[in-house]
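Shown below: protein-v2.txt, with compact mmCIF, C-alpha atoms.
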# COMPACT_ATOMS: atom_id res chain seq x y z
CA MET A 91 6.60 -8.42 -17.56
CA ILE A 92 5.01 -5.32 -19.08
CA ASP A 93 5.15 -4.29 -22.75
CA TYR A 94 7.15 -1.04 -22.74
CA LYS A 95 9.30 0.97 -20.38
CA ILE A 96 10.38 4.47 -21.40
CA ILE A 97 13.36 5.63 -19.33
CA ASN A 98 15.44 8.82 -19.04
CA ALA A 99 12.52 10.96 -20.20
CA TYR A 100 11.81 14.65 -19.62
CA ILE A 101 8.12 14.10 -18.84
CA VAL A 102 5.60 16.91 -19.31
CA THR A 103 2.51 15.25 -17.86
CA VAL A 104 -0.13 17.99 -18.46
CA ASN A 105 -1.88 16.50 -15.43
CA PRO A 106 -4.03 18.77 -13.20
CA GLU A 107 -0.89 19.91 -11.36
CA PHE A 108 1.08 20.33 -14.62
CA SER A 109 3.78 18.14 -13.08
CA ILE A 110 7.14 17.88 -14.82
CA ILE A 111 9.54 15.00 -14.20
CA GLU A 112 12.97 15.84 -15.57
CA ASN A 113 14.42 12.32 -15.52
CA GLY A 114 11.53 9.92 -15.31
CA CYS A 115 10.15 6.59 -16.38
CA VAL A 116 6.78 5.59 -17.83
CA CYS A 117 5.63 1.96 -18.00
CA ILE A 118 3.01 0.72 -20.46
CA GLU A 119 1.07 -2.54 -20.24
CA ASN A 120 -1.27 -3.40 -23.09
CA ASP A 121 -2.83 0.00 -23.94
CA THR A 122 -2.46 1.67 -20.53
CA ILE A 123 0.06 3.68 -18.52
CA VAL A 124 0.59 1.57 -15.39
CA HIS A 125 3.52 3.24 -13.66
CA ILE A 126 5.24 6.65 -13.59
CA CYS A 127 8.24 7.43 -11.42
CA ASP A 128 10.74 10.24 -10.99
CA THR A 129 13.86 8.23 -11.70
CA CYS A 130 14.95 6.25 -14.73
CA GLU A 131 14.42 3.09 -12.67
CA SER A 132 10.99 1.54 -12.22
CA HIS A 133 11.38 -0.47 -9.03
CA GLY A 134 12.16 -3.82 -10.60
CA ILE A 135 9.47 -3.73 -13.28
CA GLU A 136 10.68 -5.61 -16.35
CA ALA A 137 9.53 -4.81 -19.86
CA GLY A 138 9.56 -6.55 -23.21
CA THR A 139 10.91 -3.37 -24.80
CA VAL A 140 12.89 -0.60 -23.11
CA ILE A 141 13.13 2.74 -24.90
CA ASP A 142 15.83 5.11 -23.69
CA ALA A 143 14.52 8.63 -24.28
CA GLN A 144 18.05 9.99 -23.62
CA GLY A 145 16.74 13.04 -21.82
CA ASN A 146 14.28 13.91 -24.56
CA LEU A 147 10.76 15.20 -24.09
CA LEU A 148 7.89 12.81 -23.37
CA LEU A 149 4.61 14.61 -24.01
CA PRO A 150 0.96 13.59 -24.48
CA GLY A 151 0.07 13.21 -28.15
CA PHE A 152 -1.56 16.22 -29.78
CA ILE A 153 -5.22 16.19 -30.80
CA ASN A 154 -6.05 17.73 -34.19
CA ALA A 155 -9.72 18.57 -33.73
CA HIS A 156 -10.69 19.62 -37.26
CA THR A 157 -9.43 17.98 -40.45
CA HIS A 158 -10.48 16.74 -43.87
CA ALA A 159 -7.80 14.07 -44.12
CA ALA A 160 -8.45 12.62 -47.56
CA MET A 161 -8.03 16.08 -49.11
CA ASN A 162 -4.28 15.61 -48.62
CA ILE A 163 -4.18 14.46 -52.24
CA PHE A 164 -5.04 18.04 -53.26
CA LYS A 165 -2.36 19.74 -51.12
CA GLY A 166 -0.84 22.57 -53.16
CA TYR A 167 -3.39 22.15 -55.96
CA ALA A 168 -4.66 25.73 -55.69
CA ASP A 169 -3.09 28.44 -53.55
CA ASP A 170 -3.00 32.22 -53.21
CA LEU A 171 -6.56 32.72 -54.43
CA PRO A 172 -9.64 34.49 -53.01
CA LEU A 173 -11.88 32.11 -51.06
CA LYS A 174 -14.76 31.92 -53.57
CA THR A 175 -12.44 31.47 -56.56
CA TRP A 176 -10.40 28.88 -54.68
CA LEU A 177 -13.47 26.93 -53.57
CA PHE A 178 -15.83 27.11 -56.54
CA ASP A 179 -13.42 27.25 -59.48
CA TYR A 180 -10.78 24.81 -58.21
CA ILE A 181 -11.54 22.74 -55.11
CA PHE A 182 -15.18 21.74 -55.73
CA PRO A 183 -14.53 20.73 -59.37
CA VAL A 184 -11.43 18.66 -58.59
CA GLU A 185 -13.21 16.97 -55.68
CA ALA A 186 -16.13 16.07 -57.94
CA GLN A 187 -13.70 14.54 -60.41
CA PHE A 188 -11.42 12.61 -58.06
CA THR A 189 -13.25 11.89 -54.80
CA ASN A 190 -13.81 8.14 -54.82
CA ARG A 191 -13.19 5.22 -52.51
CA GLU A 192 -9.65 4.44 -53.68
CA ASN A 193 -8.47 8.05 -53.67
CA VAL A 194 -9.85 8.57 -50.16
CA LYS A 195 -7.70 5.62 -49.05
CA ILE A 196 -4.61 7.26 -50.54
CA GLY A 197 -5.32 10.73 -49.17
CA SER A 198 -6.27 9.54 -45.70
CA SER A 199 -3.23 7.23 -45.50
CA LEU A 200 -0.95 10.14 -46.35
CA ALA A 201 -2.67 12.41 -43.83
CA ILE A 202 -2.59 9.89 -40.97
CA LEU A 203 1.11 9.26 -41.49
CA GLU A 204 1.85 12.98 -41.61
CA MET A 205 -0.07 13.54 -38.38
CA ILE A 206 1.63 10.66 -36.57
CA ALA A 207 5.09 11.80 -37.68
CA SER A 208 4.42 15.23 -36.17
CA GLY A 209 3.08 14.01 -32.83
CA THR A 210 -0.69 13.84 -33.39
CA THR A 211 -2.33 10.80 -31.84
CA CYS A 212 -6.02 11.65 -32.36
CA PHE A 213 -7.91 13.62 -35.00
CA VAL A 214 -11.46 14.72 -35.80
CA ASP A 215 -12.27 14.32 -39.48
CA MET A 216 -15.07 15.26 -41.86
CA TYR A 217 -15.09 13.66 -45.29
CA TYR A 218 -16.66 11.09 -47.58
CA PHE A 219 -16.24 7.29 -47.63
CA VAL A 220 -15.81 7.35 -43.87
CA GLU A 221 -15.57 3.56 -43.73
CA GLU A 222 -12.30 3.62 -45.68
CA THR A 223 -10.65 6.07 -43.28
CA ALA A 224 -11.99 4.03 -40.35
CA LYS A 225 -10.35 0.87 -41.71
CA LEU A 226 -7.06 2.73 -42.09
CA CYS A 227 -7.22 3.99 -38.50
CA GLU A 228 -7.74 0.41 -37.35
CA GLU A 229 -4.86 -0.90 -39.45
CA ILE A 230 -2.38 1.84 -38.58
CA GLY A 231 -3.54 2.26 -34.98
CA MET A 232 -4.77 5.88 -35.05
CA ARG A 233 -7.36 7.33 -32.65
CA ALA A 234 -10.06 9.24 -34.52
CA PHE A 235 -13.51 10.77 -34.56
CA LEU A 236 -14.69 10.35 -38.15
CA SER A 237 -17.71 12.24 -39.39
CA GLN A 238 -19.86 11.92 -42.48
CA PRO A 239 -20.75 15.29 -44.06
CA ILE A 240 -24.51 15.81 -44.34
CA VAL A 241 -25.46 18.22 -47.12
CA ASP A 242 -28.64 18.90 -49.08
CA PHE A 243 -27.37 17.52 -52.40
CA ALA A 244 -25.81 14.40 -53.87
CA VAL A 245 -22.17 13.79 -52.96
CA ALA A 246 -19.51 11.23 -53.82
CA ASP A 247 -20.83 8.52 -51.49
CA ALA A 248 -24.53 9.36 -51.15
CA ASN A 249 -27.27 10.44 -53.54
CA SER A 250 -29.23 12.27 -50.85
CA PRO A 251 -28.87 13.44 -47.23
CA ASP A 252 -31.21 10.65 -46.10
CA GLU A 253 -29.00 8.06 -47.79
CA ALA A 254 -25.95 9.61 -46.11
CA LEU A 255 -27.67 9.48 -42.71
CA GLN A 256 -28.74 5.86 -43.19
CA GLY A 257 -25.24 4.76 -44.16
CA LEU A 258 -23.82 6.76 -41.29
CA GLU A 259 -26.05 5.07 -38.71
CA THR A 260 -25.01 1.64 -39.93
CA LEU A 261 -21.38 2.63 -39.52
CA MET A 262 -22.03 4.17 -36.11
CA GLN A 263 -23.48 0.87 -34.94
CA GLN A 264 -20.49 -1.02 -36.32
CA TYR A 265 -17.98 1.14 -34.43
CA GLN A 266 -20.10 1.86 -31.37
CA ASN A 267 -17.70 0.23 -28.91
CA HIS A 268 -14.45 0.49 -30.83
CA ASN A 269 -11.32 1.28 -28.81
CA LEU A 270 -9.93 3.76 -31.35
CA VAL A 271 -12.59 4.92 -33.82
CA GLN A 272 -15.84 6.75 -33.17
CA ILE A 273 -18.22 7.64 -36.02
CA ILE A 274 -20.22 10.87 -35.67
CA PRO A 275 -22.63 12.95 -37.81
CA ALA A 276 -21.48 16.18 -39.46
CA PRO A 277 -24.11 18.52 -40.88
CA HIS A 278 -21.59 20.45 -42.94
CA SER A 279 -22.71 24.05 -42.32
CA ILE A 280 -25.78 26.26 -42.24
CA TYR A 281 -25.27 27.17 -45.90
CA THR A 282 -25.11 23.58 -47.19
CA CYS A 283 -27.45 21.78 -44.78
CA SER A 284 -31.11 22.61 -44.19
CA ALA A 285 -32.67 23.04 -40.77
CA GLU A 286 -34.49 19.73 -41.23
CA ASN A 287 -31.27 17.81 -41.96
CA PHE A 288 -29.44 19.55 -39.11
CA LYS A 289 -32.18 18.31 -36.77
CA LYS A 290 -31.95 14.77 -38.17
CA ALA A 291 -28.18 14.77 -37.62
CA ARG A 292 -28.62 16.09 -34.06
CA ALA A 293 -31.18 13.38 -33.29
CA LEU A 294 -28.84 10.70 -34.64
CA ALA A 295 -25.92 11.99 -32.55
CA ASN A 296 -28.07 12.01 -29.42
CA LYS A 297 -29.42 8.52 -30.14
CA TYR A 298 -25.89 7.13 -29.88
CA ASN A 299 -24.63 9.69 -27.34
CA VAL A 300 -21.91 11.04 -29.61
CA ALA A 301 -20.89 14.51 -30.70
CA LEU A 302 -22.18 16.42 -33.69
CA ASN A 303 -19.44 18.00 -35.82
CA THR A 304 -20.02 21.12 -37.94
CA HIS A 305 -18.51 24.26 -39.44
CA LEU A 306 -19.83 27.35 -37.69
CA SER A 307 -19.56 31.06 -38.45
CA GLU A 308 -16.37 30.67 -40.49
CA THR A 309 -16.71 33.74 -42.73
CA MET A 310 -18.25 37.20 -42.61
CA GLU A 311 -20.36 36.25 -45.63
CA GLU A 312 -21.86 33.30 -43.76
CA TYR A 313 -22.56 35.55 -40.78
CA ASN A 314 -24.15 38.34 -42.83
CA ASN A 315 -26.24 35.98 -44.96
CA CYS A 316 -27.63 34.33 -41.85
CA MET A 317 -28.53 37.73 -40.40
CA GLU A 318 -30.28 38.71 -43.64
CA GLN A 319 -32.18 35.43 -44.06
CA HIS A 320 -33.08 34.65 -40.45
CA GLY A 321 -32.43 37.81 -38.46
CA LYS A 322 -30.06 35.80 -36.31
CA THR A 323 -26.36 35.01 -36.10
CA PRO A 324 -25.33 31.48 -37.16
CA VAL A 325 -24.91 30.56 -33.49
CA GLU A 326 -28.35 31.93 -32.58
CA TYR A 327 -29.88 30.17 -35.60
CA LEU A 328 -28.56 26.72 -34.62
CA ASN A 329 -29.38 27.32 -30.98
CA ASP A 330 -33.00 28.09 -31.84
CA LEU A 331 -33.11 24.82 -33.82
CA ALA A 332 -31.91 22.98 -30.65
CA CYS A 333 -28.87 21.82 -32.60
CA PHE A 334 -26.66 22.42 -29.56
CA ASP A 335 -28.85 20.11 -27.47
CA GLY A 336 -26.09 17.52 -27.04
CA LYS A 337 -22.35 17.20 -27.53
CA THR A 338 -21.18 19.58 -30.26
CA ILE A 339 -17.84 20.27 -31.94
CA ALA A 340 -17.90 23.55 -33.88
CA GLY A 341 -15.08 24.30 -36.29
CA HIS A 342 -13.85 27.89 -36.76
CA CYS A 343 -16.23 30.16 -34.74
CA VAL A 344 -14.56 33.22 -36.24
CA TYR A 345 -17.50 35.62 -36.11
CA VAL A 346 -19.22 35.34 -32.73
CA SER A 347 -20.94 38.03 -30.71
CA GLU A 348 -20.97 38.34 -26.94
CA ASN A 349 -24.41 36.67 -26.91
CA ASP A 350 -23.05 33.91 -29.18
CA ARG A 351 -20.27 33.24 -26.72
CA GLU A 352 -22.78 32.93 -23.88
CA ILE A 353 -24.84 30.47 -25.96
CA LEU A 354 -21.78 28.35 -26.76
CA ALA A 355 -20.67 28.33 -23.12
CA THR A 356 -24.15 27.52 -21.77
CA ASN A 357 -24.55 24.63 -24.22
CA ARG A 358 -20.97 23.39 -23.67
CA VAL A 359 -20.17 23.64 -27.36
CA SER A 360 -16.48 23.00 -28.06
CA ALA A 361 -14.93 25.49 -30.47
CA VAL A 362 -12.03 24.53 -32.74
CA ASN A 363 -9.59 27.25 -33.75
CA ASN A 364 -8.12 26.69 -37.25
CA MET A 365 -5.75 29.60 -37.30
CA GLN A 366 -3.52 28.88 -40.29
CA SER A 367 -6.42 27.95 -42.56
CA ASN A 368 -8.36 31.05 -41.52
CA LEU A 369 -5.34 33.24 -42.22
CA LYS A 370 -4.59 31.70 -45.60
CA LEU A 371 -8.18 32.04 -46.81
CA VAL A 372 -8.54 35.48 -45.17
CA CYS A 373 -11.57 34.31 -43.19
CA GLY A 374 -10.62 36.29 -40.10
CA VAL A 375 -9.37 35.63 -36.59
CA SER A 376 -11.53 33.85 -34.05
CA PRO A 377 -11.75 35.74 -30.73
CA VAL A 378 -10.28 32.83 -28.81
CA PRO A 379 -9.27 34.80 -25.69
CA ASP A 380 -12.84 36.12 -25.45
CA LEU A 381 -14.27 32.64 -25.99
CA LEU A 382 -12.11 31.27 -23.20
CA GLU A 383 -13.05 34.13 -20.89
CA SER A 384 -16.73 33.37 -21.57
CA GLY A 385 -16.19 29.77 -20.48
CA VAL A 386 -16.13 28.16 -23.93
CA LYS A 387 -13.77 25.21 -24.30
CA VAL A 388 -11.42 25.80 -27.25
CA CYS A 389 -8.92 23.52 -28.95
CA PHE A 390 -6.95 23.55 -32.21
CA GLY A 391 -7.26 22.03 -35.66
CA THR A 392 -5.31 22.33 -38.88
CA ASP A 393 -8.30 22.10 -41.23
CA SER A 394 -7.44 20.39 -44.52
CA ALA A 395 -4.00 20.30 -46.07
CA VAL A 396 -5.52 22.20 -49.00
CA SER A 397 -6.27 25.31 -46.96
CA ASN A 398 -3.28 24.86 -44.68
CA ASN A 399 -0.72 22.77 -46.62
CA SER A 400 0.36 21.12 -43.39
CA LEU A 401 -1.11 18.91 -40.68
CA ASP A 402 1.71 19.76 -38.27
CA MET A 403 0.17 20.77 -34.96
CA TYR A 404 3.44 22.34 -33.80
CA THR A 405 3.23 25.03 -36.46
CA GLU A 406 -0.51 25.37 -35.83
CA ILE A 407 -0.22 26.06 -32.11
CA LYS A 408 2.71 28.45 -32.58
CA THR A 409 0.77 30.45 -35.18
CA ALA A 410 -2.31 30.51 -32.96
CA ALA A 411 -0.39 31.69 -29.90
CA LEU A 412 1.34 34.47 -31.83
CA VAL A 413 -1.69 35.72 -33.77
CA HIS A 414 -3.99 35.81 -30.75
CA LYS A 415 -1.44 37.90 -28.86
CA TYR A 416 -1.24 40.38 -31.71
CA HIS A 417 -4.96 40.39 -32.47
CA SER A 418 -5.97 40.94 -28.84
CA GLY A 419 -3.20 43.43 -28.17
CA ASN A 420 -2.23 41.33 -25.18
CA ALA A 421 1.19 39.68 -25.06
CA THR A 422 0.01 37.38 -22.26
CA ALA A 423 -2.88 35.90 -24.28
CA LEU A 424 -2.56 32.15 -24.88
CA ASN A 425 0.61 31.72 -22.86
CA ALA A 426 2.75 28.69 -23.66
CA GLN A 427 1.45 26.43 -20.89
CA GLN A 428 -2.17 27.23 -21.74
CA THR A 429 -1.51 26.57 -25.43
CA VAL A 430 0.03 23.15 -24.72
CA PHE A 431 -2.96 22.33 -22.51
CA MET A 432 -5.37 23.28 -25.32
CA ALA A 433 -3.57 20.94 -27.73
CA THR A 434 -3.59 17.99 -25.32
CA LEU A 435 -5.79 17.61 -22.23
CA GLY A 436 -7.93 20.62 -23.13
CA ALA A 437 -8.64 19.10 -26.54
CA ALA A 438 -9.47 15.77 -24.91
CA GLN A 439 -11.98 17.63 -22.71
CA CYS A 440 -13.50 19.22 -25.81
CA LEU A 441 -14.05 15.74 -27.26
CA GLY A 442 -15.16 14.15 -23.99
CA ILE A 443 -12.23 11.71 -23.85
CA GLU A 444 -10.21 13.29 -21.05
CA HIS A 445 -10.67 10.07 -19.06
CA LEU A 446 -8.78 8.23 -21.83
CA CYS A 447 -6.01 10.53 -22.98
CA GLY A 448 -4.62 14.07 -23.13
CA SER A 449 -2.24 13.74 -20.19
CA ILE A 450 0.37 11.33 -18.87
CA GLU A 451 -1.30 9.75 -15.84
CA ILE A 452 -1.56 6.23 -14.46
CA GLY A 453 -4.67 4.52 -15.80
CA LYS A 454 -4.86 6.55 -19.00
CA LYS A 455 -4.22 5.18 -22.47
CA ALA A 456 -0.66 5.53 -23.69
CA ASP A 457 -1.05 8.22 -26.37
CA LEU A 458 2.45 9.69 -26.24
CA GLN A 459 5.13 11.41 -28.28
CA ILE A 460 8.87 11.46 -27.67
CA VAL A 461 10.40 14.66 -29.06
CA ASN A 462 14.10 15.28 -29.65
CA ILE A 463 15.19 18.31 -27.62
CA ASN A 464 18.90 17.50 -27.89
CA GLN A 465 19.27 19.77 -30.91
CA ILE A 466 20.76 23.17 -31.66
CA HIS A 467 17.40 24.93 -31.95
CA ALA A 468 16.26 23.47 -28.61
CA VAL A 469 19.25 24.69 -26.59
CA PRO A 470 19.37 26.36 -24.09
CA LEU A 471 16.30 25.22 -22.19
CA TYR A 472 14.70 27.53 -19.64
CA ASN A 473 11.01 26.69 -19.96
CA ILE A 474 9.81 23.49 -21.61
CA TYR A 475 6.35 24.87 -22.45
CA SER A 476 7.98 27.78 -24.25
CA HIS A 477 10.06 25.31 -26.26
CA ILE A 478 7.05 23.21 -27.22
CA VAL A 479 5.10 26.18 -28.56
CA TYR A 480 7.77 28.49 -29.93
CA ALA A 481 10.88 26.43 -30.73
CA LEU A 482 10.01 22.84 -31.57
CA GLN A 483 8.68 21.51 -34.88
CA GLY A 484 6.81 18.46 -36.03
CA GLY A 485 10.00 17.09 -37.55
CA ASP A 486 11.50 16.87 -34.06
CA VAL A 487 9.14 14.02 -33.12
CA ASP A 488 11.08 10.77 -32.76
CA THR A 489 8.63 8.15 -31.45
CA VAL A 490 4.84 7.93 -31.09
CA PHE A 491 2.57 5.63 -29.10
CA ILE A 492 -1.18 5.40 -29.65
CA ASN A 493 -3.32 3.30 -27.33
CA GLY A 494 -0.18 1.59 -26.06
CA LYS A 495 1.00 0.60 -29.53
CA CYS A 496 4.28 2.00 -30.85
CA VAL A 497 3.27 3.22 -34.31
CA TYR A 498 6.38 5.33 -35.01
CA LEU A 499 9.76 4.31 -33.59
CA HIS A 500 12.88 6.45 -34.08
CA LYS A 501 11.29 8.08 -37.13
CA GLN A 502 10.27 4.76 -38.68
CA PHE A 503 6.61 3.85 -39.18
CA GLN A 504 5.70 0.48 -37.74
CA GLY A 505 3.60 -1.91 -39.82
CA ILE A 506 2.98 0.33 -42.83
CA ASP A 507 5.08 1.10 -45.90
CA ALA A 508 5.20 4.90 -45.90
CA PHE A 509 7.20 5.00 -49.13
CA ASP A 510 4.49 3.06 -50.95
CA VAL A 511 1.87 5.53 -49.70
CA MET A 512 3.98 8.43 -50.95
CA VAL A 513 4.47 6.85 -54.38
CA ARG A 514 0.75 6.18 -54.82
CA ALA A 515 -0.07 9.72 -53.72
CA GLN A 516 2.35 11.26 -56.21
CA GLU A 517 1.08 9.06 -59.04
CA LEU A 518 -2.44 10.26 -58.29
CA ALA A 519 -1.20 13.85 -58.10
CA ASN A 520 0.32 13.50 -61.58
CA THR A 521 -3.09 12.52 -62.92
CA ILE A 522 -4.75 15.39 -61.06
CA MET A 523 -2.21 17.82 -62.49
CA GLU A 524 -3.17 16.78 -66.01
CA TYR A 525 -6.79 17.50 -65.13
CA LYS A 526 -5.84 20.87 -63.62
CA GLU A 527 -4.04 21.98 -66.78
CA GLU A 528 -7.05 21.08 -68.88
CA HIS A 529 -9.58 22.50 -66.42
CA SER A 530 -7.69 25.77 -65.78
CA ALA A 531 -7.66 26.53 -69.49
CA LYS A 532 -11.47 26.58 -69.41
CA ILE A 533 -11.79 28.98 -66.46
If you convert what's in this file into structure tokens, what do you get?
Amino acid sequence: MIDYKIINAYIVTVNPEFSIIENGCVCIENDTIVHICDTCESHGIEAGTVIDAQGNLLLPGFINAHTHAAMNIFKGYADDLPLKTWLFDYIFPVEAQFTNRENVKIGSSLAILEMIASGTTCFVDMYYFVEETAKLCEEIGMRAFLSQPIVDFAVADANSPDEALQGLETLMQQYQNHNLVQIIPAPHSIYTCSAENFKKARALANKYNVALNTHLSETMEEYNNCMEQHGKTPVEYLNDLACFDGKTIAGHCVYVSENDREILATNRVSAVNNMQSNLKLVCGVSPVPDLLESGVKVCFGTDSAVSNNSLDMYTEIKTAALVHKYHSGNATALNAQQTVFMATLGAAQCLGIEHLCGSIEIGKKADLQIVNINQIHAVPLYNIYSHIVYALQGGDVDTVFINGKCVYLHKQFQGIDAFDVMVRAQELANTIMEYKEEHSAKI
């Protein structure tokens, strides 16, 4: 007797052969996929729970490789503003006022539920009070890489970068062998974190053999300032500091030269494309096709819900595929199959967890999404990859498994009161709105 059997599924495996099984069955025991077959039967295997997919899509869960989950409480707080005005006049002040342990719980709960409901089964986060988000991931059953921002000044949960690093190491030890959560260092960026603190974060990551997470070359201002101060691009600057000497996840990578791309490829740095956030804040368009051609692994992230207003990876990958075609002048850039790969197995490769998830294969963890394709906007069906990227939406997700646990069944969260989370988030937002009205009058 196994735990789950999913029958009558249109299975997009994203395995090395990109196999598709149009009427298949997947069996799950504990946290692992133990059987896959090309009929709705599973050769006499009995299961505690049988889920009839009714011909709907069974796809690996998406990986959102760059987020700031707790900032969900500020979604819609300040929009349609220039980057500096948005950041310094609105976002930084409201964060300073409302970023605390309890509010991080509320924001991260809201974000995790939004991600699950739109098919995301793993995310990479950077924010404060990491231990609170880690507890939530354990309780809800979400896979995550959670990183503590390291900056050169006091923040909500640390009075100094050394204090932040000390607390981070304690947490890294606590979660060192956890089956869902990994804690990693995150020197925020070259403009908020000194060379010395970048090196300390790199050493800590290498000590525990985990990735370092950072923002890299996000804006033209960052790029130009680095050239003026150091005579080097941001990529060259970090490379000369040996900050790529180990696993590295680099968010944005919008402004990168040909030499930068060679450095990233040589050092196996994984780049995260945050297309919608970069468009909204007019940061620019990362040369993803060029990065890929240079051998750099690239995946996708939504960034925060403040600079995106959504954590839906379906809208993110569609936007990315469309913009990169237009920006490169090449209609074949980021074709649908490649885009799906970059959101699933390709993202898992970027994070070094391709042995665990990212594809539907026997022996891998059951991180899966069932998506309703029996709908008007999903008919007719010629190419399933085209549908995933260009036609489907996060709201089409029906059921989600993470690590073999069904966390979202027929659009119902399992084991958590989503309505309560929504109520607490709106109550907090009402308080924040009062602050905004008072604060805006002073600007």
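The smallest atom-to-atom distance between Val116 (chain A) and any of A:Ala137, A:Cys212, A:Ile206, A:Leu306, using all atoms listed in the file, is found for A:Ala137.
For the choices A:Ser284, A:Gln266, A:Thr304, A:Ser530, the atom-to-atom distance to Gln238 (chain A) is smallest for A:Thr304 when using all atoms listed in the file.
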Shortest contact to Thr103 (chain A), candidates A:His477, A:Lys454, A:Lys526, A:Lys289, atoms counted all atoms listed in the file, goes to A:Lys454
Report the centre and edge lengths, in Å to one decimal, of an axis-aligned box enclosing every atom of region 444-462 of chain A listed in the file, padded by 3 Å on each side, as AutoDock Vina command-line options.
--center_x 1.7 --center_y 9.9 --center_z -22.1 --size_x 30.8 --size_y 16.8 --size_z 21.2
Using all atoms listed in the file, find each residue of region 171-194 of chain A with at least one atom at most 8 Å away from an atom of region 509-522 of chain A; report its shortest atom-to-atom pair and that distance in Å (one decimal), sort the rows by chain and rising residue number, and return the result as JSON lines.
{"residue": "A:Val184", "atom": "CA", "partner": "A:Ile522", "partner_atom": "CA", "distance": 7.8}
{"residue": "A:Phe188", "atom": "CA", "partner": "A:Ile522", "partner_atom": "CA", "distance": 7.8}
{"residue": "A:Asn193", "atom": "CA", "partner": "A:Leu518", "partner_atom": "CA", "distance": 7.9}
For region 253-326 of chain A against region 426-441 of chain A, with a cut-off of 12 Å and counting only C-alpha atoms, what is the closest atom pair and its distance in Å to one decimal for every residue that makes the cut, ordered by chain and number, as CSV?
residue,atom,partner,partner_atom,distance
A:Gln272,CA,A:Leu441,CA,10.9
A:Ile274,CA,A:Leu441,CA,11.5
A:Val300,CA,A:Leu441,CA,9.5
A:Ala301,CA,A:Leu441,CA,7.8
A:Leu302,CA,A:Leu441,CA,10.4
A:Asn303,CA,A:Leu441,CA,10.4
Identify, on the basis of all atoms listed in the file, every residue whose closest approach to Pro150 (chain A) does not exceed 12 Å; exclude the query and any residue fewer than 6 positions from it along the same chain; express the result as a VMD selection string. chain A and resid 100 to 105 108 116 123 209 to 212 430 to 438 444 446 to 451 454 to 461 478 487 489 to 493
